[in-house]
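To be precise, the following lines are data_24.txt, and they hold compact mmCIF, C-alpha atoms and all ligand atoms.
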```txt
# COMPACT_ATOMS: atom_id res chain seq x y z
CA MET A 1 -5.54 -17.95 -19.59
CA SER A 2 -3.77 -15.07 -17.99
CA HIS A 3 -1.96 -12.31 -19.80
CA SER A 4 1.66 -11.86 -18.76
CA LEU A 5 3.16 -8.71 -17.31
CA PRO A 6 6.56 -7.23 -18.07
CA LYS A 7 8.88 -8.81 -15.52
CA PRO A 8 9.49 -6.49 -12.56
CA PRO A 9 13.12 -5.32 -12.33
CA LYS A 10 15.54 -7.46 -10.35
CA SER A 11 16.15 -4.68 -7.82
CA LEU A 12 12.46 -4.55 -6.88
CA LEU A 13 12.15 -8.33 -6.77
CA ARG A 14 15.24 -8.59 -4.57
CA GLN A 15 14.08 -5.96 -2.10
CA VAL A 16 10.57 -7.38 -1.87
CA GLY A 17 11.98 -10.89 -1.47
CA ARG A 18 14.22 -9.72 1.34
CA ALA A 19 11.41 -7.89 3.15
CA ILE A 20 9.13 -10.92 2.83
CA ALA A 21 11.85 -13.13 4.30
CA ASP A 22 12.97 -10.70 7.05
CA TYR A 23 9.44 -10.31 8.39
CA ALA A 24 8.09 -13.78 7.50
CA MET A 25 5.30 -12.08 5.57
CA ILE A 26 4.08 -14.95 3.40
CA ARG A 27 3.49 -18.49 4.62
CA ASP A 28 2.59 -21.57 2.68
CA GLY A 29 -1.13 -21.68 1.98
CA ASP A 30 -1.76 -18.00 2.74
CA ARG A 31 -4.76 -16.40 1.09
CA ILE A 32 -3.72 -12.84 0.32
CA LEU A 33 -6.02 -9.95 -0.50
CA LEU A 34 -4.11 -7.01 -1.98
CA GLY A 35 -5.56 -3.52 -1.66
CA VAL A 36 -5.22 -1.93 -5.10
CA SER A 37 -6.14 1.72 -5.43
CA GLY A 38 -4.93 1.68 -9.01
CA GLY A 39 -1.90 3.82 -8.14
CA LYS A 40 1.65 2.99 -9.26
CA ASP A 41 2.61 1.34 -5.94
CA SER A 42 -0.28 -1.05 -5.56
CA LEU A 43 -0.25 -1.95 -9.27
CA SER A 44 3.52 -2.60 -9.07
CA LEU A 45 3.00 -4.76 -6.00
CA LEU A 46 0.30 -6.72 -7.83
CA ALA A 47 2.76 -7.45 -10.65
CA ILE A 48 5.50 -8.43 -8.18
CA LEU A 49 3.25 -10.76 -6.19
CA ARG A 50 1.99 -12.36 -9.44
CA HIS A 51 5.61 -12.94 -10.41
CA LEU A 52 6.41 -14.50 -7.02
CA GLN A 53 3.34 -16.69 -7.26
CA THR A 54 4.86 -18.27 -10.34
CA TYR A 55 8.53 -18.36 -9.35
CA ALA A 56 8.78 -18.43 -5.54
CA PRO A 57 8.72 -21.75 -3.69
CA VAL A 58 5.95 -20.64 -1.33
CA ARG A 59 2.37 -21.32 -2.47
CA PHE A 60 -0.22 -18.63 -1.88
CA GLU A 61 -3.48 -17.38 -3.28
CA LEU A 62 -3.79 -13.78 -4.46
CA ALA A 63 -6.81 -11.57 -5.11
CA ALA A 64 -7.22 -7.81 -5.37
CA LEU A 65 -9.66 -5.42 -3.75
CA THR A 66 -10.44 -1.86 -4.77
CA VAL A 67 -12.51 0.36 -2.52
CA ASP A 68 -14.20 3.09 -4.50
CA PRO A 69 -14.96 6.00 -2.14
CA GLU A 70 -17.15 7.52 -4.86
CA VAL A 71 -15.06 10.62 -5.18
CA PRO A 72 -15.68 12.52 -8.43
CA GLY A 73 -12.98 11.82 -10.99
CA PHE A 74 -11.66 8.58 -9.43
CA GLU A 75 -12.67 5.81 -11.82
CA PRO A 76 -11.10 2.51 -10.75
CA ALA A 77 -13.85 0.42 -12.37
CA SER A 78 -12.02 0.87 -15.67
CA LEU A 79 -9.43 -1.65 -14.39
CA LYS A 80 -11.78 -4.61 -14.52
CA ALA A 81 -10.56 -5.71 -17.94
CA TYR A 82 -6.96 -5.58 -16.69
CA TYR A 83 -7.60 -7.94 -13.76
CA ASP A 84 -9.59 -10.23 -16.02
CA ALA A 85 -6.68 -10.38 -18.47
CA LEU A 86 -4.26 -11.13 -15.62
CA GLY A 87 -6.52 -13.84 -14.29
CA VAL A 88 -6.69 -12.13 -10.89
CA ARG A 89 -9.92 -12.28 -8.93
CA TRP A 90 -10.99 -8.70 -8.24
CA PHE A 91 -13.36 -7.38 -5.61
CA TYR A 92 -14.81 -3.94 -6.14
CA GLU A 93 -16.50 -2.21 -3.21
CA GLN A 94 -18.23 1.10 -3.65
CA GLN A 95 -19.10 3.25 -0.68
CA PRO A 96 -19.93 6.97 -0.62
CA ILE A 97 -17.18 7.74 1.90
CA MET A 98 -16.92 11.40 0.95
CA GLU A 99 -20.62 11.90 1.57
CA GLN A 100 -20.54 9.92 4.82
CA ALA A 101 -17.55 11.96 5.98
CA ARG A 102 -19.57 15.18 5.74
CA GLU A 103 -22.14 13.75 8.16
CA HIS A 104 -20.02 11.69 10.52
CA MET A 105 -16.54 13.16 10.56
CA ASP A 106 -15.70 14.40 14.01
CA GLY A 107 -12.69 16.72 14.10
CA ASP A 108 -10.79 14.28 11.88
CA SER A 109 -9.13 15.14 8.62
CA PHE A 110 -11.01 13.74 5.65
CA CYS A 111 -7.98 11.63 4.70
CA ALA A 112 -7.82 10.02 8.15
CA TYR A 113 -11.56 9.31 8.06
CA CYS A 114 -11.36 7.86 4.54
CA SER A 115 -8.37 5.63 5.43
CA ARG A 116 -10.18 4.28 8.49
CA MET A 117 -13.32 3.55 6.50
CA LYS A 118 -11.33 1.87 3.72
CA ARG A 119 -9.48 -0.28 6.23
CA GLY A 120 -12.78 -1.41 7.80
CA ILE A 121 -14.06 -2.44 4.36
CA MET A 122 -10.82 -4.34 3.66
CA TYR A 123 -11.13 -6.36 6.90
CA ARG A 124 -14.78 -7.08 6.17
CA LEU A 125 -13.91 -8.43 2.73
CA CYS A 126 -11.06 -10.54 4.16
CA ARG A 127 -13.50 -12.11 6.65
CA ALA A 128 -16.29 -12.58 4.16
CA HIS A 129 -14.05 -14.42 1.67
CA GLY A 130 -11.59 -16.19 3.95
CA PHE A 131 -8.44 -14.15 3.24
CA ASN A 132 -6.02 -14.31 6.19
CA VAL A 133 -3.55 -11.71 4.88
CA LEU A 134 -4.11 -8.14 3.69
CA ALA A 135 -1.26 -6.73 1.56
CA LEU A 136 -0.73 -2.98 1.18
CA GLY A 137 1.54 -0.98 -1.11
CA GLN A 138 3.27 1.49 1.20
CA HIS A 139 7.01 1.86 0.54
CA LEU A 140 10.11 3.24 2.26
CA ASP A 141 9.32 6.86 1.34
CA ASP A 142 5.88 6.49 3.00
CA LEU A 143 7.46 5.01 6.13
CA ALA A 144 10.04 7.81 6.39
CA GLU A 145 7.35 10.48 5.94
CA SER A 146 5.14 8.81 8.58
CA LEU A 147 8.04 8.67 11.02
CA LEU A 148 8.70 12.39 10.67
CA MET A 149 5.00 13.24 11.00
CA SER A 150 4.81 11.17 14.15
CA ILE A 151 7.91 12.74 15.68
CA PHE A 152 7.07 16.32 14.68
CA HIS A 153 3.34 16.28 15.45
CA GLY A 154 2.60 13.25 17.60
CA GLY A 155 5.64 13.20 19.88
CA GLN A 156 6.16 9.49 19.26
CA LEU A 157 8.68 7.29 17.52
CA ARG A 158 6.26 5.44 15.27
CA THR A 159 5.76 4.49 11.67
CA MET A 160 3.86 1.91 9.65
CA LYS A 161 4.82 -1.66 10.41
CA ALA A 162 6.08 -4.18 7.91
CA HIS A 163 3.96 -7.02 9.28
CA TYR A 164 1.47 -7.21 12.14
CA ARG A 165 -1.87 -8.62 13.15
CA ASN A 166 -5.04 -6.50 13.34
CA ASP A 167 -6.70 -5.90 16.74
CA ALA A 168 -9.24 -8.67 16.19
CA GLY A 169 -6.34 -11.04 15.52
CA ASP A 170 -7.83 -12.61 12.40
CA VAL A 171 -5.94 -10.78 9.63
CA ARG A 172 -2.20 -10.26 9.14
CA ILE A 173 -1.26 -7.02 7.41
CA ILE A 174 1.86 -7.07 5.26
CA ARG A 175 3.74 -4.32 3.42
CA PRO A 176 6.15 -6.05 1.04
CA LEU A 177 7.43 -2.74 -0.44
CA VAL A 178 8.93 -1.44 2.84
CA TYR A 179 12.49 -1.60 1.47
CA CYS A 180 11.59 -0.08 -1.92
CA ARG A 181 11.77 3.55 -2.95
CA GLU A 182 8.83 5.32 -4.52
CA ARG A 183 10.84 6.17 -7.63
CA GLN A 184 11.39 2.45 -8.26
CA THR A 185 7.65 1.74 -8.48
CA ALA A 186 7.16 4.91 -10.52
CA ASP A 187 9.86 3.83 -12.98
CA TYR A 188 8.54 0.26 -13.24
CA ALA A 189 4.91 1.41 -13.64
CA SER A 190 5.83 3.72 -16.46
CA ALA A 191 8.28 1.34 -18.20
CA ALA A 192 5.81 -1.55 -17.99
CA GLY A 193 2.87 0.61 -19.03
CA LEU A 194 0.83 -0.34 -15.95
CA PRO A 195 -2.68 1.12 -16.26
CA VAL A 196 -2.34 3.65 -13.43
CA VAL A 197 -5.62 5.30 -12.45
CA PRO A 198 -5.10 8.99 -11.70
CA ASP A 199 -5.87 9.79 -8.09
CA SER A 200 -7.93 12.91 -8.24
CA CYS A 201 -9.43 13.03 -4.77
CA PRO A 202 -10.20 16.73 -4.27
CA ALA A 203 -9.70 16.41 -0.52
CA CYS A 204 -6.20 14.97 -0.94
CA PHE A 205 -5.18 17.70 -3.33
CA GLN A 206 -6.90 20.69 -1.79
CA MET A 207 -4.41 21.48 0.92
CA PRO A 208 -0.68 20.96 1.04
CA THR A 209 -0.73 18.10 3.51
CA ARG A 210 1.75 17.31 6.25
CA ARG A 211 2.81 14.27 4.29
CA GLU A 212 3.65 16.37 1.25
CA HIS A 213 5.61 18.73 3.46
CA MET A 214 7.69 15.83 4.85
CA LYS A 215 8.22 14.47 1.33
CA GLN A 216 9.72 17.78 0.26
CA LEU A 217 11.79 18.09 3.40
CA LEU A 218 13.24 14.60 2.83
CA ALA A 219 13.91 15.35 -0.84
CA ARG A 220 15.90 18.47 0.08
CA GLU A 221 17.92 16.51 2.64
CA GLU A 222 18.52 13.64 0.23
CA ALA A 223 19.95 16.04 -2.35
CA ASP A 224 22.90 16.53 0.03
CA ASN A 225 22.87 13.11 1.64
CA PRO A 226 22.45 10.19 -0.76
CA HIS A 227 22.47 7.72 2.16
CA LEU A 228 19.49 9.35 3.84
CA PHE A 229 16.92 6.61 3.20
CA SER A 230 19.19 3.67 3.97
CA SER A 231 20.14 5.39 7.21
CA MET A 232 16.49 6.06 8.03
CA LEU A 233 15.59 2.46 7.27
CA HIS A 234 18.28 1.31 9.69
CA ALA A 235 16.95 3.67 12.36
CA MET A 236 13.33 2.57 11.78
CA ARG A 237 13.95 -1.18 11.86
CA PRO A 238 12.96 -1.64 15.51
CA LEU A 239 9.68 0.16 14.76
CA LEU A 240 8.70 -2.11 11.88
CA GLN A 241 8.21 -5.19 14.05
CA GLU A 242 4.94 -6.28 15.59
CA GLY A 243 4.62 -5.01 19.16
CA ALA A 244 7.04 -2.14 18.55
CA ASP A 245 4.67 0.46 19.97
CA THR A 246 2.66 -1.57 22.43
N1 LIG A 301 -9.14 2.78 -2.64
C1 LIG A 301 -8.35 1.78 -2.30
N2 LIG A 301 -8.70 0.50 -2.53
C2 LIG A 301 -7.90 -0.52 -2.17
N3 LIG A 301 -6.70 -0.37 -1.59
C3 LIG A 301 -6.30 0.88 -1.33
C4 LIG A 301 -7.08 2.02 -1.67
N4 LIG A 301 -6.41 3.13 -1.30
C5 LIG A 301 -5.27 2.71 -0.75
N5 LIG A 301 -5.18 1.36 -0.77
C6 LIG A 301 -4.07 0.53 -0.27
O1 LIG A 301 -3.36 1.27 0.70
C7 LIG A 301 -2.03 1.53 0.23
C8 LIG A 301 -1.58 2.91 0.64
O2 LIG A 301 -2.48 3.86 0.20
P1 LIG A 301 -2.03 5.28 -0.29
O3 LIG A 301 -3.25 6.13 -0.28
O4 LIG A 301 -0.84 5.72 0.47
O5 LIG A 301 -1.53 4.96 -1.75
P2 LIG A 301 -2.15 5.49 -3.10
O6 LIG A 301 -1.75 6.91 -3.24
O7 LIG A 301 -3.61 5.17 -3.11
O8 LIG A 301 -1.52 4.75 -4.32
P3 LIG A 301 -0.65 3.50 -4.57
O9 LIG A 301 -1.46 2.44 -5.19
O10 LIG A 301 0.34 4.05 -5.55
O11 LIG A 301 -0.08 3.10 -3.27
C9 LIG A 301 -2.09 1.35 -1.28
O12 LIG A 301 -0.83 1.01 -1.81
C10 LIG A 301 -3.07 0.21 -1.39
O13 LIG A 301 -2.47 -1.04 -1.10
```

Is it possible to give me this structure as structure tokens?
Amino acid sequence: MSHSLPKPPKSLLRQVGRAIADYAMIRDGDRILLGVSGGKDSLSLLAILRHLQTYAPVRFELAALTVDPEVPGFEPASLKAYYDALGVRWFYEQQPIMEQAREHMDGDSFCAYCSRMKRGIMYRLCRAHGFNVLALGQHLDDLAESLLMSIFHGGQLRTMKAHYRNDAGDVRIIRPLVYCRERQTADYASAAGLPVVPDSCPACFQMPTRREHMKQLLAREEADNPHLFSSMLHAMRPLLQEGADT
């Protein structure tokens, strides 16, 4: 039988519950595949969704998928025992994305190429195994950083959506952590001893990325303005809905 996890804090459960309700993310009978990189956010979301599976009135199935881009030093296979102990079905897909990027990347950043490839693999797995929902672990800090990147470099008011359908129309993508702060998942992951896999992608760490720049900019602003993220969430709400940028 499954091993139990330290209960996620009430604040996280409340915020995830509210986001799920506000955007009608989970429906009775959904079959949810959660993308788990092994980082603190996706592992926290796995624990939260397991908790909701037991205590929330809605019935849904939950499995996890890890895409291994075969980057030296990233070893997510070590998590197999953890999923087994939790009783969570785990899909593990290896693909030499780094190597493929060298041949096929066309003016893209490696990170953008890798994300696109990972997303394609996630949709393929959803189709192959009948999952109608793909859950991802991005949180409010990610959304705020994406908004600034889009405004500063793309000239558009855009960020990641809380809930939408893919172009093919067969998979709903949900982000139940959209109201949660990164430090909440970091605190929970460390207090609960979640088996976080260090992300050591050399491409992600090589250059100070635009995302990292926005993270630091927001941190400086938040030091003087403790309401920054709640204000940004309020401003972003219209962008989180399906159809916001179409
Ligand atoms: N290799 C992967 N396999 C499966 N899902 C992934 C993978 N990489 C990212 N994801 C999914 O996409 C989300 C956002 O990815 P991102 O790269 O921003 O996060 P991360 O740094 O990998 O770590 P975390 O798990 O803490 O979110 C993750 O929360 C996860 O749901």

Expected selection as a ChimeraX atom specification for ligand LIG 301 (chain A) within 6 Å, all atoms listed in the file: /A:35-42,65-68,136-138

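In this model, the gap between atom CA of Glu242 of chain A and atom CA of Tyr164 of chain A comes to 5.0 Å.
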
Just want the 9 Å neighbourhood of segment 192-201 of chain A, counted on all atoms listed in the file, with same-chain residues fewer than 3 positions away dropped. Output as a PyMOL selection string. chain A and resi 5-8+37-40+43-44+71-76+78-79+82+187-189+204-206

Please provide as a VMD selection string all residues within 10 Å of Leu34 of chain A, with the sequence filter that same-chain residues fewer than 3 positions apart are discarded (counting all atoms listed in the file). chain A and resid 31 37 42 to 43 45 to 46 49 62 to 66 90 to 91 122 126 131 133 to 137 173 to 175

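Closest approach to Arg119 of chain A from the set A:Met149, A:Leu13, A:Leu228, A:Val171 is made by A:Val171, with distances taken over only C-alpha atoms.
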
Box along x, y and z, 4 Å on every side, all listed atoms of segment 107-119 of chain A inside: centre and edge lengths in Å to one decimal, as AutoDock Vina command-line options.
```
--center_x -10.6 --center_y 8.2 --center_z 8.9 --size_x 13.5 --size_y 25.0 --size_z 18.4
```

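Atom pair atom CA of Met25 of chain A / atom CA of Ser11 of chain A has a distance of 18.8 Å (rounded to one decimal).
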
Considering all atoms listed in the file, can you say which of A:Arg211, A:Val178, A:Thr159, A:Leu125 comes closest to Ala19 of chain A? A:Val178

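The interatomic distance for the pair atom CA of Pro69 of chain A and atom CA of Gln94 of chain A works out to 6.1 Å.
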
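When all atoms listed in the file are used to compute distances to Cys114 of chain A, the closest of the residues A:Ala128, A:Ala21, A:Ala235, A:Ile97 turns out to be A:Ile97.
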
Find, counting all atoms listed in the file, the residue in A:Leu140, A:Leu148, A:Val88, A:Ala186 that gets nearest to Ala162 of chain A.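 Ranking A:Leu140, A:Leu148, A:Val88, A:Ala186 by distance to Ala162 of chain A, first place goes to A:Leu140.
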
Show me, as a PyMOL selection string, the residues that have an atom within 10 Å of Ser146 of chain A when counting only C-alpha atoms, minus same-chain residues fewer than 6 positions from it. chain A and resi 140+152+157-160+210-211+214-215

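The smallest atom-to-atom distance between Ala112 of chain A and any of A:Lys10, A:Thr209, A:Tyr92, A:Ala219, using only C-alpha atoms, is found for A:Thr209.
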
Fix up segment 56-84 of chain A with N, CA and C atoms, then write it as an mmCIF file, in the coordinates of the input.
```
data_model
loop_
_atom_site.group_PDB
_atom_site.id
_atom_site.type_symbol
_atom_site.label_atom_id
_atom_site.label_comp_id
_atom_site.auth_asym_id
_atom_site.auth_seq_id
_atom_site.Cartn_x
_atom_site.Cartn_y
_atom_site.Cartn_z
ATOM 1 N N ALA A 56 8.287 -18.198 -6.905
ATOM 2 C CA ALA A 56 8.780 -18.430 -5.540
ATOM 3 C C ALA A 56 8.320 -19.800 -5.054
ATOM 4 N N PRO A 57 9.093 -20.413 -4.149
ATOM 5 C CA PRO A 57 8.720 -21.750 -3.690
ATOM 6 C C PRO A 57 7.459 -21.785 -2.823
ATOM 7 N N VAL A 58 7.109 -20.644 -2.221
ATOM 8 C CA VAL A 58 5.950 -20.640 -1.330
ATOM 9 C C VAL A 58 4.659 -20.551 -2.159
ATOM 10 N N ARG A 59 3.649 -21.322 -1.740
ATOM 11 C CA ARG A 59 2.370 -21.320 -2.470
ATOM 12 C C ARG A 59 1.388 -20.408 -1.755
ATOM 13 N N PHE A 60 0.794 -19.484 -2.489
ATOM 14 C CA PHE A 60 -0.220 -18.630 -1.880
ATOM 15 C C PHE A 60 -1.248 -18.204 -2.911
ATOM 16 N N GLU A 61 -2.418 -17.854 -2.399
ATOM 17 C CA GLU A 61 -3.480 -17.380 -3.280
ATOM 18 C C GLU A 61 -3.458 -15.845 -3.281
ATOM 19 N N LEU A 62 -3.838 -15.246 -4.380
ATOM 20 C CA LEU A 62 -3.790 -13.780 -4.460
ATOM 21 C C LEU A 62 -5.049 -13.244 -5.149
ATOM 22 N N ALA A 63 -5.685 -12.274 -4.484
ATOM 23 C CA ALA A 63 -6.810 -11.570 -5.110
ATOM 24 C C ALA A 63 -6.624 -10.081 -4.829
ATOM 25 N N ALA A 64 -7.353 -9.261 -5.545
ATOM 26 C CA ALA A 64 -7.220 -7.810 -5.370
ATOM 27 C C ALA A 64 -8.561 -7.219 -4.956
ATOM 28 N N LEU A 65 -8.460 -6.136 -4.175
ATOM 29 C CA LEU A 65 -9.660 -5.420 -3.750
ATOM 30 C C LEU A 65 -9.480 -3.928 -4.005
ATOM 31 N N THR A 66 -10.450 -3.315 -4.641
ATOM 32 C CA THR A 66 -10.440 -1.860 -4.770
ATOM 33 C C THR A 66 -11.662 -1.291 -4.062
ATOM 34 N N VAL A 67 -11.415 -0.348 -3.173
ATOM 35 C CA VAL A 67 -12.510 0.360 -2.520
ATOM 36 C C VAL A 67 -12.695 1.667 -3.276
ATOM 37 N N ASP A 68 -13.904 1.867 -3.764
ATOM 38 C CA ASP A 68 -14.200 3.090 -4.500
ATOM 39 C C ASP A 68 -14.953 4.034 -3.557
ATOM 40 N N PRO A 69 -14.295 5.111 -3.091
ATOM 41 C CA PRO A 69 -14.960 6.000 -2.140
ATOM 42 C C PRO A 69 -15.938 6.971 -2.805
ATOM 43 N N GLU A 70 -16.200 6.711 -4.089
ATOM 44 C CA GLU A 70 -17.150 7.520 -4.860
ATOM 45 C C GLU A 70 -16.800 9.004 -4.810
ATOM 46 N N VAL A 71 -15.552 9.255 -5.105
ATOM 47 C CA VAL A 71 -15.060 10.620 -5.180
ATOM 48 C C VAL A 71 -15.065 10.997 -6.663
ATOM 49 N N PRO A 72 -15.611 12.169 -7.000
ATOM 50 C CA PRO A 72 -15.680 12.520 -8.430
ATOM 51 C C PRO A 72 -14.299 12.461 -9.088
ATOM 52 N N GLY A 73 -14.242 11.835 -10.239
ATOM 53 C CA GLY A 73 -12.980 11.820 -10.990
ATOM 54 C C GLY A 73 -12.126 10.588 -10.740
ATOM 55 N N PHE A 74 -12.435 9.802 -9.691
ATOM 56 C CA PHE A 74 -11.660 8.580 -9.430
ATOM 57 C C PHE A 74 -12.462 7.429 -10.027
ATOM 58 N N GLU A 75 -11.901 6.805 -11.067
ATOM 59 C CA GLU A 75 -12.670 5.810 -11.820
ATOM 60 C C GLU A 75 -11.975 4.451 -11.871
ATOM 61 N N PRO A 76 -11.848 3.763 -10.752
ATOM 62 C CA PRO A 76 -11.100 2.510 -10.750
ATOM 63 C C PRO A 76 -11.801 1.360 -11.463
ATOM 64 N N ALA A 77 -13.109 1.509 -11.732
ATOM 65 C CA ALA A 77 -13.850 0.420 -12.370
ATOM 66 C C ALA A 77 -13.279 0.102 -13.745
ATOM 67 N N SER A 78 -12.581 1.076 -14.335
ATOM 68 C CA SER A 78 -12.020 0.870 -15.670
ATOM 69 C C SER A 78 -10.947 -0.236 -15.659
ATOM 70 N N LEU A 79 -10.494 -0.625 -14.457
ATOM 71 C CA LEU A 79 -9.430 -1.650 -14.390
ATOM 72 C C LEU A 79 -9.947 -3.084 -14.477
ATOM 73 N N LYS A 80 -11.243 -3.249 -14.540
ATOM 74 C CA LYS A 80 -11.780 -4.610 -14.520
ATOM 75 C C LYS A 80 -11.170 -5.485 -15.623
ATOM 76 N N ALA A 81 -11.079 -4.932 -16.819
ATOM 77 C CA ALA A 81 -10.560 -5.710 -17.940
ATOM 78 C C ALA A 81 -9.111 -6.132 -17.683
ATOM 79 N N TYR A 82 -8.366 -5.280 -16.996
ATOM 80 C CA TYR A 82 -6.960 -5.580 -16.690
ATOM 81 C C TYR A 82 -6.861 -6.789 -15.759
ATOM 82 N N TYR A 83 -7.647 -6.791 -14.691
ATOM 83 C CA TYR A 83 -7.600 -7.940 -13.760
ATOM 84 C C TYR A 83 -8.078 -9.202 -14.453
ATOM 85 N N ASP A 84 -9.096 -9.057 -15.285
ATOM 86 C CA ASP A 84 -9.590 -10.230 -16.020
ATOM 87 C C ASP A 84 -8.475 -10.804 -16.878
#
```
